[in-house]
Amino acid sequence: MPATMLTAASPLNALLAAGSPGGFNAWAALGILLLMAVTFGVANLVMTHVLGPSRVGEVKGTTYESGMNPIGNARRRFNVRFFIVAMTFLLFDVEIVFLYPWAATFSQLGLDTGWHTIFLGRMVFFILTTIIAFMYAWRKGVFRYD
Amino acid sequence: METLLAKLGTLWPEIVLLMGAVSCLATGLNHSPFARRLTPAVAAASMLVAALLVLIIPDDTVHPLGLDGMGWFVKLAVLGVGLLLLALAAGVPDALMQQRRTDAAVTFDAGTSIKGEFYAFFLLSATGAMLTAGATDLVWLFLALELVSLPTYVMIATTRDTAIAQESAIKYFFLGAMSAAVFLYGFALIYGATGFTDFENIRAAVEADGVNPLLIVGVMMSVLGLCFKVAAVPMHVYAADVYQGAATPVTAFLAYVPKVAGFVALMLVLSLVGWPLPTPVLALLAVVAVLTMTLGNLLACVQGNLKRVLAYSSIAQSGYLMLGLIAGPALGADVEAVLTLFGGSRDVSQPIGNGLAAVLFYLPAYGLATIAGFGVLGVLWVDRGENPDPLDDEAQTFDSISGLWHRHPFLAGVLLVSMLSLVGIPPLAGFMGKVLLGSSIVSAPLQTLSYVLLIALVINSAISAAYYLRIIIVAFFGRDAEATHVRPTPLRFAAAAVAAVIAFALGGHLATPVAQSAHEATRHGVVKAPPSELPEPDTAVADAAP
């Protein structure tokens with residue numbers, strides 16, 4: 001295995017090969033994409049600045065809070081509960097990120113290979129760990145608002 | 001993917017510990033007070049089952065770096081000494097003010113109880129150390145090392161009622177994050193230099209293309225980052241503050257588990273380039289080793305707080321352990337030359353001259369002595385009156401153990417064994433460990449450097465005797481400390497005593513079998529053949545690479 005896998009291009013080799021015609025072609029698309037992205041962004045900013053009418057005033061400078069009059073300063077203390085909710089949200093959010101590629105791959109596994117059980121088992125284990133985390137958070141009173 | 005599944009089959013001990021951690025969370029938050037009291041027992045049971053599984057399950061997977069039995073040895077060392085650490089730490093959360101209030105309340109408030117979390121984090125950190133030993137990939141190694149460290153930050157911050165615990169946890173956290181960044185950068189450079197993250201392919205790439213400068217820089221950065229885990233100069237600055245700030249049983253945990261993980265990781269990273277080490281890596285390690293032992297010992301001499309003394313002692317011991325890493329696994333010809341000097345001939349089945357075996361032997365030897373020392377401090381408490389902060393009631397100063405011999409001769413005896421083993425006095429484990437380290441560094445093919453390092457080891461052992469013996473003198477001949485009392489924690493007492501007894505045994509009857517199995521675990525480590533024995537370079541492979 002090692003001898004065959006050695007032929008795979010390492011990132012260093014790829015960078016070194018960038019000077020050769022073949023290596024350059026491989027990276028050219030990325031360079032053009034970057035160039036287009038930067039040009040588009042800069043061009044839009046410059047054009048708005050040059051072409052757009054500029055009217056400044058006190059009302060226009062205030063914070064927009066869904067149409068209501070702004071109250072107080074944004075730099076105030078929040079209840080620590082919000083951070084816990086945010087962390088719990090991250091936990092389940094990340095779980096979903098892992099579920100998508102799994103679901104996409106699962107249907108492509110051949111029925112005769114026997115990988116189905118293993119892949120399903122892995123995902124069940126993964127979801128189980130998240131359920132345990134959820135139960136723990138529940139028991140700790142993270143979802144209790146009183 | 002099949003190799004991944006085969007690897008998963010060897011991970012049952014870790015999986016059992018993980019399940020134990022989850023069970024601890026459940027029992028720690030249980031409605032029934034009885035179930036809550038069972039939490040440490042659940043943790044101990046899962047460690048016992050894991051140790052049993054390590055013994056039962058045959059690990060016949062071939063290690064990519066030739067360290068075939070190292071995982072087995074380190075897992076047993078972590079679990080065995082870990083059980084003593086658990087006995088030492090059992091009851092730590094119960095002594096906290098918040099936990100006492102929660103336990104005394106009529107209705108149980110799960111939000112304020114940290115009992116389950118403490119034991120769960122304990123088990124998770126131990127799992128991390130075991131996973132480090134089984135690592136076959138840089139990504140795995142990194143995740144395992146982080147699993148060792150992350151729970152310890154919480155363990156430090158939550159297990160004492162004083163502000164310095166939080167202070168030390170924050171220091172440890174930020175410096176730990178920085179060190180993680182450094183060795184992760186190193187890992188990234190190793191990947192950049194070879195194109196692989198798994199050890200087998202990295203080895204194959206190094207054997208095919210040789211060691212390039214990028215790889216050397218990567219290994220050096222990894223070594224520097226890992227120096228934090230083992231508290232070696234220049235990443236040692238946190239040790240004294242953190243050890244002082246954490247609750248004493250947690251300090252004992254910090255002195256052992258992250259250090260084992262760190263040295264195992266160092267062993268794996270250095271194996272990627274193989275012994276004898278490339279000159280820049282060798283120079284770095286030699287400088288770090290000498291600085292670590294010298295600075296650690298000199299600074300330990302001037303400390304007034306026992307936990308800080310033991311922290312600097314722990315730094316110095318890391319310096320000694322580095323010698324084994326410099327020497328590497330048995331290197332053949334030079335070992336024979338040294339042994340014939342003493343009138344013996346080289347028997348490759350013997351651990352003499354194998355630096356990695358010396359490191360593996362020294363880790364539990366050092367751990368047991370340190371646990372016995374911290375155990376004695378953990379058993380004692382000092383009546384500081386109404387306003388004990390910031391020292392709370394922990395025995396930390398030389399005054400608090402003064403005259404221990406007159407009141408608690410048994411505790412003083414345990415302390416004596418612990419300190420003498422750390423100095424390296426003959427019948428104890430520390431002596432055997434230093435013999436193995438010293439013999440390995442002398443037999444390594446490093447010409448003058450071998451002797452420079454050996455002399456550094458000997459001089460530093462002499463310096464270290466100054467502060468270890470100072471502790472003994474205070475405990476045996478000092479004026480009786482009226483305010484010091486013994487906690488009603490028989491388990492903690494037993495842990496310290498058992499650690500001292502095993503430290504004795506490890507220097508006697510157990511020394512040969514343990515050193516032997518450490519040798520068996522590491523004797524096939526990566527050693528480059530002398531230039532004359534190098535085979536012709538395989539040009540076909542080199543040409544096939546783009």
# chains A, B, ... in the order shown; residues from 1 in each chain; ligands from 1

$ residues_around --residues "Ile132 in chain A" --least-positions-apart "6" --cutoff "10 Å" --atoms "only C-alpha atoms" --output "list in words"
Trp138 of chain A; Val22, Leu25 and Ala26 of chain B

$ interface_residues --of "chain B" --to "chain A" --cutoff "6 Å" --atoms "only C-alpha atoms" --output "PyMOL selection string"
chain B and resi 110-111+192+195+201+204+545

$ select_by_dssp --residues "range 18-144 of chain A" --states "helix (DSSP H, G or I)" --output "PyMOL selection string"
chain A and resi 18-19+21-51+58-61+80-106+115-139

$ write_last_selection --atoms "C-alpha atoms" --output "mmCIF file, in the first residue's frame"
data_model
loop_
_atom_site.group_PDB
_atom_site.id
_atom_site.type_symbol
_atom_site.label_atom_id
_atom_site.label_comp_id
_atom_site.auth_asym_id
_atom_site.auth_seq_id
_atom_site.Cartn_x
_atom_site.Cartn_y
_atom_site.Cartn_z
ATOM 1 C CA ALA A 18 2.811 24.902 -10.108
ATOM 2 C CA GLY A 19 5.622 26.236 -12.324
ATOM 3 C CA PRO A 21 2.350 23.914 -17.533
ATOM 4 C CA GLY A 22 0.211 21.046 -16.223
ATOM 5 C CA GLY A 23 0.530 22.213 -12.604
ATOM 6 C CA PHE A 24 -0.378 25.764 -13.524
ATOM 7 C CA ASN A 25 -3.528 24.717 -15.367
ATOM 8 C CA ALA A 26 -4.737 22.896 -12.283
ATOM 9 C CA TRP A 27 -4.550 26.096 -10.217
ATOM 10 C CA ALA A 28 -5.573 28.586 -12.927
ATOM 11 C CA ALA A 29 -9.305 28.112 -12.369
ATOM 12 C CA LEU A 30 -8.907 28.898 -8.698
ATOM 13 C CA GLY A 31 -6.899 32.019 -9.505
ATOM 14 C CA ILE A 32 -9.491 33.261 -11.975
ATOM 15 C CA LEU A 33 -12.265 32.614 -9.463
ATOM 16 C CA LEU A 34 -10.395 34.620 -6.821
ATOM 17 C CA LEU A 35 -9.757 37.426 -9.323
ATOM 18 C CA MET A 36 -13.453 37.552 -10.286
ATOM 19 C CA ALA A 37 -14.569 37.570 -6.660
ATOM 20 C CA VAL A 38 -12.226 40.389 -5.702
ATOM 21 C CA THR A 39 -13.038 42.431 -8.830
ATOM 22 C CA PHE A 40 -16.774 42.044 -8.291
ATOM 23 C CA GLY A 41 -16.573 43.096 -4.658
ATOM 24 C CA VAL A 42 -14.269 46.069 -5.200
ATOM 25 C CA ALA A 43 -16.129 47.222 -8.333
ATOM 26 C CA ASN A 44 -19.467 47.235 -6.509
ATOM 27 C CA LEU A 45 -18.095 49.242 -3.602
ATOM 28 C CA VAL A 46 -16.432 51.782 -5.864
ATOM 29 C CA MET A 47 -19.484 52.136 -8.091
ATOM 30 C CA THR A 48 -21.863 52.686 -5.171
ATOM 31 C CA HIS A 49 -19.542 55.293 -3.776
ATOM 32 C CA VAL A 50 -19.250 57.142 -7.086
ATOM 33 C CA LEU A 51 -22.751 56.786 -8.532
ATOM 34 C CA GLU A 58 -29.197 61.922 12.385
ATOM 35 C CA VAL A 59 -32.148 59.625 11.688
ATOM 36 C CA LYS A 60 -30.302 57.834 8.911
ATOM 37 C CA GLY A 61 -27.304 57.213 11.195
ATOM 38 C CA VAL A 80 -25.860 33.905 30.867
ATOM 39 C CA ARG A 81 -28.748 31.636 29.847
ATOM 40 C CA PHE A 82 -28.494 32.936 26.270
ATOM 41 C CA PHE A 83 -24.950 31.611 26.010
ATOM 42 C CA ILE A 84 -26.034 28.187 27.230
ATOM 43 C CA VAL A 85 -28.865 28.159 24.690
ATOM 44 C CA ALA A 86 -26.385 29.212 22.003
ATOM 45 C CA MET A 87 -24.032 26.387 22.943
ATOM 46 C CA THR A 88 -26.846 23.820 22.941
ATOM 47 C CA PHE A 89 -27.918 25.129 19.563
ATOM 48 C CA LEU A 90 -24.368 24.653 18.237
ATOM 49 C CA LEU A 91 -24.369 21.076 19.501
ATOM 50 C CA PHE A 92 -27.475 20.073 17.540
ATOM 51 C CA ASP A 93 -26.590 22.280 14.585
ATOM 52 C CA VAL A 94 -23.278 20.462 14.121
ATOM 53 C CA GLU A 95 -25.075 17.140 14.369
ATOM 54 C CA ILE A 96 -27.205 18.034 11.354
ATOM 55 C CA VAL A 97 -24.104 19.050 9.397
ATOM 56 C CA PHE A 98 -22.826 15.489 9.883
ATOM 57 C CA LEU A 99 -26.175 13.923 9.005
ATOM 58 C CA TYR A 100 -26.344 15.357 5.466
ATOM 59 C CA PRO A 101 -23.200 13.795 3.944
ATOM 60 C CA TRP A 102 -24.076 10.537 5.679
ATOM 61 C CA ALA A 103 -27.557 10.516 4.144
ATOM 62 C CA ALA A 104 -26.141 11.353 0.727
ATOM 63 C CA THR A 105 -23.615 8.483 0.885
ATOM 64 C CA PHE A 106 -25.938 5.923 2.455
ATOM 65 C CA TRP A 115 -21.566 -1.684 4.641
ATOM 66 C CA HIS A 116 -25.171 -0.744 5.377
ATOM 67 C CA THR A 117 -25.211 -2.145 8.882
ATOM 68 C CA ILE A 118 -21.871 -0.591 9.752
ATOM 69 C CA PHE A 119 -22.849 2.831 8.422
ATOM 70 C CA LEU A 120 -26.216 2.683 10.151
ATOM 71 C CA GLY A 121 -24.580 1.536 13.375
ATOM 72 C CA ARG A 122 -22.178 4.469 13.268
ATOM 73 C CA MET A 123 -24.926 6.993 12.760
ATOM 74 C CA VAL A 124 -27.063 5.426 15.504
ATOM 75 C CA PHE A 125 -24.075 5.654 17.856
ATOM 76 C CA PHE A 126 -23.497 9.262 16.867
ATOM 77 C CA ILE A 127 -27.148 10.213 17.374
ATOM 78 C CA LEU A 128 -27.145 8.346 20.678
ATOM 79 C CA THR A 129 -24.263 10.486 21.965
ATOM 80 C CA THR A 130 -26.210 13.599 20.996
ATOM 81 C CA ILE A 131 -29.341 12.299 22.722
ATOM 82 C CA ILE A 132 -27.299 11.704 25.861
ATOM 83 C CA ALA A 133 -26.003 15.266 25.644
ATOM 84 C CA PHE A 134 -29.580 16.487 25.181
ATOM 85 C CA MET A 135 -30.826 14.525 28.197
ATOM 86 C CA TYR A 136 -27.925 15.818 30.266
ATOM 87 C CA ALA A 137 -28.695 19.416 29.312
ATOM 88 C CA TRP A 138 -32.371 18.862 30.107
ATOM 89 C CA ARG A 139 -31.572 17.402 33.536
#

$ residues_around --residues "Ser418 in chain B" --least-positions-apart "2" --cutoff "7 Å" --atoms "only C-alpha atoms" --output "PyMOL selection string"
chain B and resi 369-370+372-373+414-416+420-422+500

$ residues_around --residues "range 90-102 of chain B" --least-positions-apart "5" --cutoff "9 Å" --atoms "only C-alpha atoms" --output "MDAnalysis selection string"
chainID B and resid 40:41 85 107:110 112:115 118:119 158:161 247 249:250 489 491:492

$ atom_distance --atom1 "CA of Val206 in chain B" --atom2 "CA of Leu284 in chain B"
20.4 Å
